[in-house]
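What's in start28.cif: mmCIF, C-alpha atoms
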data_my_file
#
loop_
_atom_site.label_atom_id
_atom_site.label_comp_id
_atom_site.auth_asym_id
_atom_site.auth_seq_id
_atom_site.Cartn_x
_atom_site.Cartn_y
_atom_site.Cartn_z
CA MET A 9 288.40 155.05 41.98
CA ASP A 10 288.75 152.49 39.24
CA PRO A 11 290.64 153.42 36.08
CA ARG A 12 287.77 154.46 33.86
CA ILE A 13 285.91 157.29 32.20
CA SER A 14 282.22 156.46 31.93
CA ILE A 15 280.91 159.25 29.73
CA VAL A 16 282.38 161.95 27.51
CA THR A 17 279.73 164.61 26.84
CA LEU A 18 280.13 167.25 24.15
CA GLY A 19 278.08 170.41 24.42
CA VAL A 20 276.57 171.21 21.03
CA GLN A 21 274.49 174.07 19.68
CA VAL A 22 272.19 172.07 17.40
CA LEU A 23 271.69 168.47 18.47
CA GLU A 24 270.29 167.23 15.17
CA ARG A 25 273.13 168.83 13.19
CA SER A 26 275.70 167.12 15.40
CA ARG A 27 273.88 163.80 15.21
CA GLN A 28 273.99 164.03 11.42
CA PHE A 29 277.65 164.97 11.51
CA TYR A 30 278.72 162.01 13.65
CA LYS A 31 276.66 159.71 11.45
CA GLU A 32 278.11 160.97 8.17
CA ALA A 33 281.64 161.75 9.28
CA PHE A 34 282.26 158.87 11.68
CA GLY A 35 279.49 156.40 10.84
CA TRP A 36 278.24 156.43 14.42
CA GLU A 37 274.59 155.87 15.29
CA PRO A 38 273.13 156.85 18.65
CA ALA A 39 271.36 154.36 20.87
CA SER A 40 267.61 154.59 20.46
CA GLY A 41 265.04 155.82 22.88
CA GLN A 42 266.53 159.15 23.93
CA GLU A 43 265.14 162.59 23.28
CA GLY A 44 267.02 165.81 23.83
CA ILE A 45 270.34 163.98 24.16
CA SER A 46 272.20 161.45 22.04
CA PHE A 47 274.07 158.55 23.62
CA TYR A 48 276.55 156.38 21.75
CA GLN A 49 277.99 153.14 23.06
CA LEU A 50 281.71 153.36 22.25
CA GLY A 51 283.24 150.20 23.61
CA GLY A 52 283.24 150.48 27.38
CA LEU A 53 282.25 154.12 27.51
CA VAL A 54 279.36 156.29 26.48
CA PHE A 55 279.76 159.31 24.21
CA ALA A 56 277.01 161.89 24.52
CA LEU A 57 275.86 164.96 22.63
CA TYR A 58 273.86 167.44 24.67
CA PRO A 59 272.83 171.07 24.16
CA ASP A 60 275.64 173.33 25.30
CA ASP A 61 273.44 175.62 27.41
CA LEU A 62 271.88 172.70 29.25
CA LEU A 63 275.28 171.11 29.84
CA ALA A 64 276.56 174.38 31.29
CA ALA A 65 273.51 174.71 33.51
CA ASP A 66 273.86 171.12 34.71
CA ALA A 67 277.43 171.81 35.77
CA ASN A 68 276.62 175.20 37.33
CA ALA A 69 278.84 176.77 34.65
CA GLN A 70 278.51 179.79 32.41
CA PRO A 71 277.76 179.14 28.72
CA PHE A 72 280.70 178.33 26.47
CA GLN A 73 282.29 181.50 25.09
CA GLY A 74 284.11 180.03 22.11
CA GLY A 75 287.77 179.43 21.37
CA PHE A 76 290.06 176.53 22.20
CA ARG A 77 288.56 174.22 24.79
CA GLY A 78 291.85 172.91 26.12
CA ILE A 79 290.84 169.29 25.65
CA THR A 80 291.06 166.98 22.68
CA LEU A 81 289.74 163.56 21.74
CA ALA A 82 291.71 161.16 19.62
CA TYR A 83 290.65 158.34 17.36
CA ASN A 84 293.58 156.09 16.58
CA VAL A 85 293.80 154.08 13.38
CA ARG A 86 295.63 150.89 12.49
CA GLU A 87 297.43 152.07 9.35
CA LYS A 88 299.25 155.30 8.67
CA SER A 89 297.30 155.81 5.45
CA ASP A 90 294.02 155.63 7.37
CA VAL A 91 294.65 159.08 8.87
CA ALA A 92 294.17 160.92 5.59
CA LYS A 93 291.23 158.70 4.66
CA VAL A 94 289.36 159.41 7.89
CA LEU A 95 290.06 163.14 7.58
CA ALA A 96 288.80 163.17 3.99
CA THR A 97 285.59 161.38 4.89
CA ALA A 98 285.00 163.75 7.77
CA GLU A 99 285.70 166.78 5.61
CA ALA A 100 283.17 165.60 3.05
CA ALA A 101 280.65 165.41 5.90
CA GLY A 102 281.34 168.98 6.96
CA ALA A 103 284.31 168.74 9.31
CA THR A 104 286.93 171.47 9.26
CA ILE A 105 290.43 170.09 8.82
CA VAL A 106 292.52 172.25 11.12
CA LYS A 107 295.67 170.17 10.61
CA PRO A 108 296.15 167.84 7.68
CA ALA A 109 297.74 164.41 8.03
CA THR A 110 301.32 165.08 9.08
CA ASP A 111 304.24 163.09 10.42
CA THR A 112 304.72 163.93 14.09
CA ASP A 113 307.97 164.59 15.89
CA TRP A 114 307.40 161.55 18.14
CA GLY A 115 307.31 159.15 15.23
CA GLY A 116 303.60 158.96 14.60
CA HIS A 117 301.27 160.46 12.02
CA GLY A 118 298.12 162.45 12.57
CA GLY A 119 295.83 165.34 11.83
CA TYR A 120 293.03 167.26 13.50
CA LEU A 121 289.47 168.02 12.54
CA THR A 122 286.76 170.00 14.27
CA ASP A 123 283.11 169.03 14.48
CA PRO A 124 280.33 171.62 13.87
CA ASP A 125 280.88 173.08 17.35
CA GLY A 126 284.64 173.23 17.14
CA HIS A 127 285.32 170.15 19.24
CA LEU A 128 288.76 168.89 18.30
CA TRP A 129 289.40 165.32 17.19
CA GLU A 130 292.86 164.08 16.45
CA ILE A 131 293.00 161.23 13.99
CA ALA A 132 296.24 159.48 14.79
CA TYR A 133 298.47 156.62 13.86
CA ASN A 134 300.69 155.69 16.81
CA PRO A 135 302.97 152.72 16.19
CA PHE A 136 303.96 152.68 19.87
CA PHE A 137 300.44 152.30 21.33
CA PRO A 138 298.91 149.31 19.55
CA LEU A 139 295.20 148.69 19.14
CA ASN A 140 294.03 145.25 20.24
CA ALA A 141 291.50 143.06 18.42
CA ARG A 142 288.65 145.04 19.98
CA GLY A 143 290.17 148.32 18.84
CA GLU A 144 291.17 149.31 22.36
CA ILE A 145 294.39 151.25 22.70
CA GLU A 146 297.05 149.72 24.94
CA ILE A 147 300.07 151.38 26.51
CA PRO A 148 302.85 148.77 26.38
CA THR A 149 304.17 147.78 29.77
CA ALA A 150 307.88 148.28 30.20
CA MET B 16 285.07 154.25 11.87
CA ASP B 17 284.73 151.84 14.74
CA PRO B 18 282.85 152.94 17.85
CA ARG B 19 285.73 154.11 20.01
CA ILE B 20 287.59 157.02 21.51
CA SER B 21 291.27 156.19 21.84
CA ILE B 22 292.59 159.09 23.88
CA VAL B 23 291.13 161.90 25.96
CA THR B 24 293.78 164.58 26.49
CA LEU B 25 293.39 167.37 29.02
CA GLY B 26 295.41 170.51 28.59
CA VAL B 27 296.95 171.48 31.93
CA GLN B 28 299.04 174.40 33.12
CA VAL B 29 301.32 172.52 35.49
CA LEU B 30 301.83 168.88 34.62
CA GLU B 31 303.21 167.82 38.00
CA ARG B 32 300.39 169.52 39.86
CA SER B 33 297.80 167.70 37.75
CA ARG B 34 299.63 164.40 38.12
CA GLN B 35 299.51 164.81 41.90
CA PHE B 36 295.86 165.76 41.76
CA TYR B 37 294.79 162.70 39.79
CA LYS B 38 296.82 160.51 42.10
CA GLU B 39 295.39 161.94 45.30
CA ALA B 40 291.85 162.68 44.16
CA PHE B 41 291.23 159.66 41.91
CA GLY B 42 293.99 157.23 42.88
CA TRP B 43 295.26 157.07 39.32
CA GLU B 44 298.91 156.46 38.47
CA PRO B 45 300.37 157.26 35.07
CA ALA B 46 302.14 154.67 32.99
CA SER B 47 305.87 154.90 33.38
CA GLY B 48 308.44 156.00 30.88
CA GLN B 49 306.97 159.27 29.66
CA GLU B 50 308.36 162.74 30.13
CA GLY B 51 306.47 165.92 29.41
CA ILE B 52 303.16 164.09 29.18
CA SER B 53 301.30 161.67 31.43
CA PHE B 54 299.42 158.71 30.01
CA TYR B 55 296.94 156.64 32.01
CA GLN B 56 295.48 153.33 30.87
CA LEU B 57 291.78 153.61 31.68
CA GLY B 58 290.23 150.37 30.49
CA GLY B 59 290.23 150.46 26.72
CA LEU B 60 291.24 154.09 26.38
CA VAL B 61 294.13 156.29 27.30
CA PHE B 62 293.73 159.43 29.38
CA ALA B 63 296.50 161.99 28.94
CA LEU B 64 297.66 165.16 30.67
CA TYR B 65 299.65 167.53 28.50
CA PRO B 66 300.69 171.19 28.82
CA ASP B 67 297.88 173.37 27.56
CA ASP B 68 300.06 175.54 25.32
CA LEU B 69 301.62 172.52 23.65
CA LEU B 70 298.23 170.92 23.14
CA ALA B 71 296.95 174.09 21.53
CA ALA B 72 300.00 174.30 19.28
CA ASP B 73 299.65 170.66 18.28
CA ALA B 74 296.07 171.29 17.19
CA ASN B 75 296.87 174.59 15.45
CA ALA B 76 294.67 176.32 18.01
CA GLN B 77 295.00 179.44 20.12
CA PRO B 78 295.76 178.99 23.81
CA PHE B 79 292.82 178.30 26.12
CA GLN B 80 291.22 181.54 27.31
CA GLY B 81 289.41 180.24 30.37
CA GLY B 82 285.76 179.68 31.16
CA PHE B 83 283.46 176.75 30.48
CA ARG B 84 284.96 174.32 28.01
CA GLY B 85 281.67 172.93 26.75
CA ILE B 86 282.68 169.34 27.41
CA THR B 87 282.45 167.20 30.51
CA LEU B 88 283.77 163.84 31.62
CA ALA B 89 281.79 161.54 33.87
CA TYR B 90 282.85 158.85 36.29
CA ASN B 91 279.90 156.66 37.18
CA VAL B 92 279.70 154.82 40.48
CA ARG B 93 277.85 151.67 41.54
CA GLU B 94 276.06 153.03 44.61
CA LYS B 95 274.24 156.30 45.13
CA SER B 96 276.20 156.96 48.30
CA ASP B 97 279.48 156.68 46.40
CA VAL B 98 278.86 160.05 44.71
CA ALA B 99 279.33 162.05 47.90
CA LYS B 100 282.28 159.89 48.94
CA VAL B 101 284.15 160.44 45.68
CA LEU B 102 283.44 164.17 45.78
CA ALA B 103 284.71 164.40 49.38
CA THR B 104 287.92 162.55 48.56
CA ALA B 105 288.52 164.77 45.55
CA GLU B 106 287.81 167.92 47.56
CA ALA B 107 290.35 166.86 50.18
CA ALA B 108 292.86 166.51 47.33
CA GLY B 109 292.18 170.04 46.08
CA ALA B 110 289.20 169.67 43.76
CA THR B 111 286.60 172.40 43.67
CA ILE B 112 283.10 171.04 44.17
CA VAL B 113 280.99 173.08 41.77
CA LYS B 114 277.84 171.04 42.38
CA PRO B 115 277.37 168.87 45.45
CA ALA B 116 275.78 165.42 45.28
CA THR B 117 272.19 166.04 44.19
CA ASP B 118 269.26 163.98 42.96
CA THR B 119 268.79 164.64 39.24
CA ASP B 120 265.52 165.20 37.42
CA TRP B 121 266.10 162.05 35.35
CA GLY B 122 266.19 159.77 38.37
CA GLY B 123 269.90 159.63 39.02
CA HIS B 124 272.24 161.27 41.49
CA GLY B 125 275.39 163.22 40.84
CA GLY B 126 277.67 166.15 41.42
CA TYR B 127 280.48 167.99 39.66
CA LEU B 128 284.04 168.78 40.56
CA THR B 129 286.75 170.65 38.73
CA ASP B 130 290.40 169.68 38.58
CA PRO B 131 293.19 172.28 39.03
CA ASP B 132 292.63 173.57 35.48
CA GLY B 133 288.87 173.73 35.70
CA HIS B 134 288.20 170.53 33.76
CA LEU B 135 284.75 169.34 34.78
CA TRP B 136 284.11 165.84 36.08
CA GLU B 137 280.64 164.64 36.88
CA ILE B 138 280.51 161.92 39.50
CA ALA B 139 277.26 160.15 38.78
CA TYR B 140 275.03 157.32 39.86
CA ASN B 141 272.80 156.26 36.98
CA PRO B 142 270.51 153.32 37.76
CA PHE B 143 269.54 153.08 34.07
CA PHE B 144 273.04 152.63 32.65
CA PRO B 145 274.58 149.74 34.58
CA LEU B 146 278.28 149.12 35.02
CA ASN B 147 279.45 145.64 34.12
CA ALA B 148 281.97 143.54 36.04
CA ARG B 149 284.83 145.42 34.39
CA GLY B 150 283.30 148.78 35.34
CA GLU B 151 282.30 149.57 31.77
CA ILE B 152 279.07 151.50 31.32
CA GLU B 153 276.42 149.84 29.15
CA ILE B 154 273.42 151.43 27.51
CA PRO B 155 270.64 148.83 27.78
CA THR B 156 269.30 147.68 24.44
CA ALA B 157 265.58 148.16 24.00
#
Before we go any further, please render this structure as structure tokens.
Amino acid sequence: MDPRISIVTLGVQVLERSRQFYKEAFGWEPASGQEGISFYQLGGLVFALYPDDLLAADANAQPFQGGFRGITLAYNVREKSDVAKVLATAEAAGATIVKPATDTDWGGHGGYLTDPDGHLWEIAYNPFFPLNARGEIEIPTA
Amino acid sequence: MDPRISIVTLGVQVLERSRQFYKEAFGWEPASGQEGISFYQLGGLVFALYPDDLLAADANAQPFQGGFRGITLAYNVREKSDVAKVLATAEAAGATIVKPATDTDWGGHGGYLTDPDGHLWEIAYNPFFPLNARGEIEIPTA
């Protein structure tokens, strides 16, 4: 298999609420022409919002029961001060800040927010993993 | 915010077990030089494996309680027949096939596997969202 993830799909309870959230908190607009699901082109991958019960059914899984999902998404920023700014914007749009902007023990800086369904996003500044001109994160080669 | 996800981090119970799984099932090798966490360069994003309890603590969350996580990752393939092949390779490496390769109601073809911690991967063929030469998925513009 090639090194790629094609789609990250978040199960959500109210699609329109989540669509509004990602528009207001992150400034992201879905691609047009889809009903019942929202697709976003994020660089080389697709981010999707889909009703939680339908996502569970599609995967032959039981509905989500709440609590920590054991998976996080991170959005890395170019400047340390951007972490607090992104968190503040998201909070104004309804995000819950579960961890404010904090220096990390590995020499970075970051905080966490949750979206309306509790999906965790880390907003992070990592001076060791630079972002290229296209905003893509790059692990330095030794 | 720019349209990007920088990092997708999966909480795992046994890091070495998961590292072996992603090597044998997906053929993915982590970047070198990291202890206690595995980072993979997947195109423009980083995929990470990290102990579940530490991930929860980092996000000020309670430990994962099991069950459906309400989020899925998808790996899209170029040919319909690749879905069953990828699932078979993953199964031989210890994946659980929770949905075999099946035609979907939207005109695609796909199946689901879970990794050793129950993280869901859809292996999908989607004739409407092509993969470019770099393997990146692209939502067609209207």
For this session: List every protein, DNA or RNA residue with an atom no more than 12 Å from (275.9, 171.2, 25.3) in the file's coordinates, counting only C-alpha atoms, and format the result as a ChimeraX atom specification.
Result: /A:16-23,26,44-46,56-67,69-72,125,127 /B:83-87
Problem set entry | B:Phe143 surroundings by only C-alpha atoms, 10 Å radius, close-in-sequence under 5 positions cut, as a list in words | Trp121, Gly122, Gly123, Glu153, Ile154 and Pro155 of chain B
Overlay target chain A, mobile chain B, all C-alpha paired in order, as a PDB file with C-alpha atoms, in the frame of the given file:
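The result, stored in part36.pdb:
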ATOM      1  CA  MET B  16     288.411 155.053  41.981  1.00  0.00           C
ATOM      2  CA  ASP B  17     288.748 152.493  39.244  1.00  0.00           C
ATOM      3  CA  PRO B  18     290.631 153.422  36.080  1.00  0.00           C
ATOM      4  CA  ARG B  19     287.753 154.479  33.860  1.00  0.00           C
ATOM      5  CA  ILE B  20     285.898 157.308  32.205  1.00  0.00           C
ATOM      6  CA  SER B  21     282.217 156.467  31.919  1.00  0.00           C
ATOM      7  CA  ILE B  22     280.902 159.256  29.726  1.00  0.00           C
ATOM      8  CA  VAL B  23     282.367 161.948  27.499  1.00  0.00           C
ATOM      9  CA  THR B  24     279.721 164.600  26.826  1.00  0.00           C
ATOM     10  CA  LEU B  25     280.117 167.250  24.150  1.00  0.00           C
ATOM     11  CA  GLY B  26     278.101 170.412  24.411  1.00  0.00           C
ATOM     12  CA  VAL B  27     276.564 171.204  21.023  1.00  0.00           C
ATOM     13  CA  GLN B  28     274.479 174.059  19.678  1.00  0.00           C
ATOM     14  CA  VAL B  29     272.196 172.059  17.411  1.00  0.00           C
ATOM     15  CA  LEU B  30     271.680 168.471  18.475  1.00  0.00           C
ATOM     16  CA  GLU B  31     270.300 167.234  15.156  1.00  0.00           C
ATOM     17  CA  ARG B  32     273.123 168.828  13.208  1.00  0.00           C
ATOM     18  CA  SER B  33     275.709 167.119  15.414  1.00  0.00           C
ATOM     19  CA  ARG B  34     273.874 163.807  15.220  1.00  0.00           C
ATOM     20  CA  GLN B  35     273.996 164.014  11.424  1.00  0.00           C
ATOM     21  CA  PHE B  36     277.648 164.965  11.514  1.00  0.00           C
ATOM     22  CA  TYR B  37     278.712 162.013  13.645  1.00  0.00           C
ATOM     23  CA  LYS B  38     276.679 159.706  11.455  1.00  0.00           C
ATOM     24  CA  GLU B  39     278.113 160.960   8.184  1.00  0.00           C
ATOM     25  CA  ALA B  40     281.653 161.754   9.284  1.00  0.00           C
ATOM     26  CA  PHE B  41     282.268 158.858  11.692  1.00  0.00           C
ATOM     27  CA  GLY B  42     279.504 156.384  10.853  1.00  0.00           C
ATOM     28  CA  TRP B  43     278.233 156.417  14.416  1.00  0.00           C
ATOM     29  CA  GLU B  44     274.582 155.859  15.296  1.00  0.00           C
ATOM     30  CA  PRO B  45     273.122 156.842  18.647  1.00  0.00           C
ATOM     31  CA  ALA B  46     271.348 154.370  20.862  1.00  0.00           C
ATOM     32  CA  SER B  47     267.618 154.584  20.459  1.00  0.00           C
ATOM     33  CA  GLY B  48     265.049 155.820  22.896  1.00  0.00           C
ATOM     34  CA  GLN B  49     266.524 159.149  23.940  1.00  0.00           C
ATOM     35  CA  GLU B  50     265.140 162.591  23.284  1.00  0.00           C
ATOM     36  CA  GLY B  51     267.034 165.802  23.834  1.00  0.00           C
ATOM     37  CA  ILE B  52     270.341 163.981  24.163  1.00  0.00           C
ATOM     38  CA  SER B  53     272.198 161.442  22.046  1.00  0.00           C
ATOM     39  CA  PHE B  54     274.073 158.559  23.623  1.00  0.00           C
ATOM     40  CA  TYR B  55     276.551 156.381  21.737  1.00  0.00           C
ATOM     41  CA  GLN B  56     278.005 153.134  23.053  1.00  0.00           C
ATOM     42  CA  LEU B  57     281.706 153.365  22.231  1.00  0.00           C
ATOM     43  CA  GLY B  58     283.250 150.191  23.593  1.00  0.00           C
ATOM     44  CA  GLY B  59     283.249 150.482  27.353  1.00  0.00           C
ATOM     45  CA  LEU B  60     282.245 154.127  27.498  1.00  0.00           C
ATOM     46  CA  VAL B  61     279.359 156.279  26.460  1.00  0.00           C
ATOM     47  CA  PHE B  62     279.764 159.303  24.216  1.00  0.00           C
ATOM     48  CA  ALA B  63     276.998 161.887  24.517  1.00  0.00           C
ATOM     49  CA  LEU B  64     275.844 164.962  22.619  1.00  0.00           C
ATOM     50  CA  TYR B  65     273.857 167.447  24.659  1.00  0.00           C
ATOM     51  CA  PRO B  66     272.822 171.087  24.143  1.00  0.00           C
ATOM     52  CA  ASP B  67     275.636 173.327  25.286  1.00  0.00           C
ATOM     53  CA  ASP B  68     273.458 175.617  27.406  1.00  0.00           C
ATOM     54  CA  LEU B  69     271.893 172.693  29.234  1.00  0.00           C
ATOM     55  CA  LEU B  70     275.280 171.117  29.830  1.00  0.00           C
ATOM     56  CA  ALA B  71     276.565 174.367  31.269  1.00  0.00           C
ATOM     57  CA  ALA B  72     273.515 174.701  33.503  1.00  0.00           C
ATOM     58  CA  ASP B  73     273.859 171.120  34.697  1.00  0.00           C
ATOM     59  CA  ALA B  74     277.439 171.801  35.753  1.00  0.00           C
ATOM     60  CA  ASN B  75     276.644 175.191  37.314  1.00  0.00           C
ATOM     61  CA  ALA B  76     278.848 176.778  34.665  1.00  0.00           C
ATOM     62  CA  GLN B  77     278.523 179.781  32.391  1.00  0.00           C
ATOM     63  CA  PRO B  78     277.763 179.136  28.731  1.00  0.00           C
ATOM     64  CA  PHE B  79     280.703 178.319  26.462  1.00  0.00           C
ATOM     65  CA  GLN B  80     282.308 181.488  25.101  1.00  0.00           C
ATOM     66  CA  GLY B  81     284.117 180.023  22.115  1.00  0.00           C
ATOM     67  CA  GLY B  82     287.766 179.416  21.358  1.00  0.00           C
ATOM     68  CA  PHE B  83     290.062 176.523  22.194  1.00  0.00           C
ATOM     69  CA  ARG B  84     288.557 174.231  24.790  1.00  0.00           C
ATOM     70  CA  GLY B  85     291.845 172.905  26.124  1.00  0.00           C
ATOM     71  CA  ILE B  86     290.829 169.287  25.657  1.00  0.00           C
ATOM     72  CA  THR B  87     291.057 166.984  22.676  1.00  0.00           C
ATOM     73  CA  LEU B  88     289.732 163.571  21.746  1.00  0.00           C
ATOM     74  CA  ALA B  89     291.709 161.151  19.623  1.00  0.00           C
ATOM     75  CA  TYR B  90     290.645 158.337  17.350  1.00  0.00           C
ATOM     76  CA  ASN B  91     293.592 156.098  16.580  1.00  0.00           C
ATOM     77  CA  VAL B  92     293.790 154.084  13.383  1.00  0.00           C
ATOM     78  CA  ARG B  93     295.635 150.879  12.494  1.00  0.00           C
ATOM     79  CA  GLU B  94     297.428 152.070   9.356  1.00  0.00           C
ATOM     80  CA  LYS B  95     299.254 155.304   8.663  1.00  0.00           C
ATOM     81  CA  SER B  96     297.296 155.797   5.461  1.00  0.00           C
ATOM     82  CA  ASP B  97     294.015 155.624   7.372  1.00  0.00           C
ATOM     83  CA  VAL B  98     294.639 159.079   8.880  1.00  0.00           C
ATOM     84  CA  ALA B  99     294.173 160.906   5.587  1.00  0.00           C
ATOM     85  CA  LYS B 100     291.220 158.698   4.663  1.00  0.00           C
ATOM     86  CA  VAL B 101     289.350 159.424   7.888  1.00  0.00           C
ATOM     87  CA  LEU B 102     290.066 163.143   7.589  1.00  0.00           C
ATOM     88  CA  ALA B 103     288.798 163.182   3.982  1.00  0.00           C
ATOM     89  CA  THR B 104     285.584 161.383   4.898  1.00  0.00           C
ATOM     90  CA  ALA B 105     284.987 163.762   7.785  1.00  0.00           C
ATOM     91  CA  GLU B 106     285.703 166.799   5.610  1.00  0.00           C
ATOM     92  CA  ALA B 107     283.162 165.604   3.049  1.00  0.00           C
ATOM     93  CA  ALA B 108     280.650 165.411   5.913  1.00  0.00           C
ATOM     94  CA  GLY B 109     281.335 169.002   6.972  1.00  0.00           C
ATOM     95  CA  ALA B 110     284.314 168.752   9.310  1.00  0.00           C
ATOM     96  CA  THR B 111     286.919 171.479   9.255  1.00  0.00           C
ATOM     97  CA  ILE B 112     290.417 170.088   8.830  1.00  0.00           C
ATOM     98  CA  VAL B 113     292.529 172.251  11.118  1.00  0.00           C
ATOM     99  CA  LYS B 114     295.676 170.176  10.619  1.00  0.00           C
ATOM    100  CA  PRO B 115     296.143 167.844   7.670  1.00  0.00           C
ATOM    101  CA  ALA B 116     297.728 164.406   8.024  1.00  0.00           C
ATOM    102  CA  THR B 117     301.319 165.078   9.081  1.00  0.00           C
ATOM    103  CA  ASP B 118     304.245 163.082  10.420  1.00  0.00           C
ATOM    104  CA  THR B 119     304.715 163.939  14.100  1.00  0.00           C
ATOM    105  CA  ASP B 120     307.985 164.591  15.889  1.00  0.00           C
ATOM    106  CA  TRP B 121     307.400 161.557  18.124  1.00  0.00           C
ATOM    107  CA  GLY B 122     307.307 159.119  15.230  1.00  0.00           C
ATOM    108  CA  GLY B 123     303.597 158.950  14.587  1.00  0.00           C
ATOM    109  CA  HIS B 124     301.260 160.459  12.032  1.00  0.00           C
ATOM    110  CA  GLY B 125     298.113 162.446  12.576  1.00  0.00           C
ATOM    111  CA  GLY B 126     295.838 165.344  11.839  1.00  0.00           C
ATOM    112  CA  TYR B 127     293.030 167.280  13.497  1.00  0.00           C
ATOM    113  CA  LEU B 128     289.472 168.026  12.555  1.00  0.00           C
ATOM    114  CA  THR B 129     286.764 169.996  14.281  1.00  0.00           C
ATOM    115  CA  ASP B 130     283.113 169.041  14.482  1.00  0.00           C
ATOM    116  CA  PRO B 131     280.327 171.617  13.892  1.00  0.00           C
ATOM    117  CA  ASP B 132     280.888 173.094  17.368  1.00  0.00           C
ATOM    118  CA  GLY B 133     284.648 173.237  17.141  1.00  0.00           C
ATOM    119  CA  HIS B 134     285.313 170.144  19.250  1.00  0.00           C
ATOM    120  CA  LEU B 135     288.761 168.896  18.296  1.00  0.00           C
ATOM    121  CA  TRP B 136     289.396 165.330  17.186  1.00  0.00           C
ATOM    122  CA  GLU B 137     292.864 164.084  16.452  1.00  0.00           C
ATOM    123  CA  ILE B 138     292.991 161.227  13.982  1.00  0.00           C
ATOM    124  CA  ALA B 139     296.238 159.493  14.796  1.00  0.00           C
ATOM    125  CA  TYR B 140     298.464 156.606  13.870  1.00  0.00           C
ATOM    126  CA  ASN B 141     300.691 155.698  16.804  1.00  0.00           C
ATOM    127  CA  PRO B 142     302.977 152.717  16.183  1.00  0.00           C
ATOM    128  CA  PHE B 143     303.945 152.673  19.881  1.00  0.00           C
ATOM    129  CA  PHE B 144     300.444 152.305  21.322  1.00  0.00           C
ATOM    130  CA  PRO B 145     298.900 149.319  19.548  1.00  0.00           C
ATOM    131  CA  LEU B 146     295.200 148.682  19.141  1.00  0.00           C
ATOM    132  CA  ASN B 147     294.024 145.257  20.225  1.00  0.00           C
ATOM    133  CA  ALA B 148     291.501 143.061  18.419  1.00  0.00           C
ATOM    134  CA  ARG B 149     288.644 145.031  19.965  1.00  0.00           C
ATOM    135  CA  GLY B 150     290.179 148.333  18.838  1.00  0.00           C
ATOM    136  CA  GLU B 151     291.179 149.311  22.361  1.00  0.00           C
ATOM    137  CA  ILE B 152     294.412 151.258  22.708  1.00  0.00           C
ATOM    138  CA  GLU B 153     297.059 149.712  24.965  1.00  0.00           C
ATOM    139  CA  ILE B 154     300.061 151.383  26.518  1.00  0.00           C
ATOM    140  CA  PRO B 155     302.837 148.768  26.389  1.00  0.00           C
ATOM    141  CA  THR B 156     304.174 147.796  29.786  1.00  0.00           C
ATOM    142  CA  ALA B 157     307.895 148.293  30.201  1.00  0.00           C
TER     143      ALA B 157
END
Exercise. Can you tell me how far atom CA of A:Lys107 sits from atom CA of A:Pro135, in Å to one decimal?
Worked result: 19.7 Å
For this session: Give as a count of residues only each residue that has an atom at most 12 Å from (285.6, 143.8, 32.9) in the file, counting all atoms listed in the file.
Result: 16
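The spacing separating atom CA of B:Asn141 from atom CA of B:Thr117 amounts to 12.2 Å.
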Seminar exercise, completed: note - atom CA of A:Val91 and atom CA of A:Ile105 are separated by 11.8 Å
When you get a chance, write out N, CA, C and O atoms for stretch 51-59 of chain B, as an mmCIF file, in the frame of the given file.
data_model
loop_
_atom_site.group_PDB
_atom_site.id
_atom_site.type_symbol
_atom_site.label_atom_id
_atom_site.label_comp_id
_atom_site.auth_asym_id
_atom_site.auth_seq_id
_atom_site.Cartn_x
_atom_site.Cartn_y
_atom_site.Cartn_z
ATOM 1 N N GLY B 51 307.146 164.811 30.072
ATOM 2 C CA GLY B 51 306.470 165.920 29.410
ATOM 3 C C GLY B 51 305.021 165.665 29.097
ATOM 4 O O GLY B 51 304.315 166.537 28.593
ATOM 5 N N ILE B 52 304.561 164.469 29.388
ATOM 6 C CA ILE B 52 303.160 164.090 29.180
ATOM 7 C C ILE B 52 302.886 162.924 30.117
ATOM 8 O O ILE B 52 303.803 162.155 30.428
ATOM 9 N N SER B 53 301.661 162.828 30.599
ATOM 10 C CA SER B 53 301.300 161.670 31.430
ATOM 11 C C SER B 53 300.200 160.896 30.739
ATOM 12 O O SER B 53 299.181 161.474 30.350
ATOM 13 N N PHE B 54 300.410 159.601 30.604
ATOM 14 C CA PHE B 54 299.420 158.710 30.010
ATOM 15 C C PHE B 54 298.898 157.754 31.079
ATOM 16 O O PHE B 54 299.683 157.185 31.848
ATOM 17 N N TYR B 55 297.593 157.564 31.081
ATOM 18 C CA TYR B 55 296.940 156.640 32.010
ATOM 19 C C TYR B 55 296.145 155.623 31.192
ATOM 20 O O TYR B 55 295.394 156.017 30.294
ATOM 21 N N GLN B 56 296.307 154.353 31.521
ATOM 22 C CA GLN B 56 295.480 153.330 30.870
ATOM 23 C C GLN B 56 294.171 153.220 31.639
ATOM 24 O O GLN B 56 294.139 152.749 32.771
ATOM 25 N N LEU B 57 293.100 153.680 31.042
ATOM 26 C CA LEU B 57 291.780 153.610 31.680
ATOM 27 C C LEU B 57 290.923 152.634 30.884
ATOM 28 O O LEU B 57 290.247 153.027 29.919
ATOM 29 N N GLY B 58 290.957 151.365 31.282
ATOM 30 C CA GLY B 58 290.230 150.370 30.490
ATOM 31 C C GLY B 58 290.753 150.409 29.069
ATOM 32 O O GLY B 58 291.961 150.369 28.834
ATOM 33 N N GLY B 59 289.849 150.521 28.122
ATOM 34 C CA GLY B 59 290.230 150.460 26.720
ATOM 35 C C GLY B 59 290.648 151.784 26.111
ATOM 36 O O GLY B 59 290.840 151.872 24.893
#
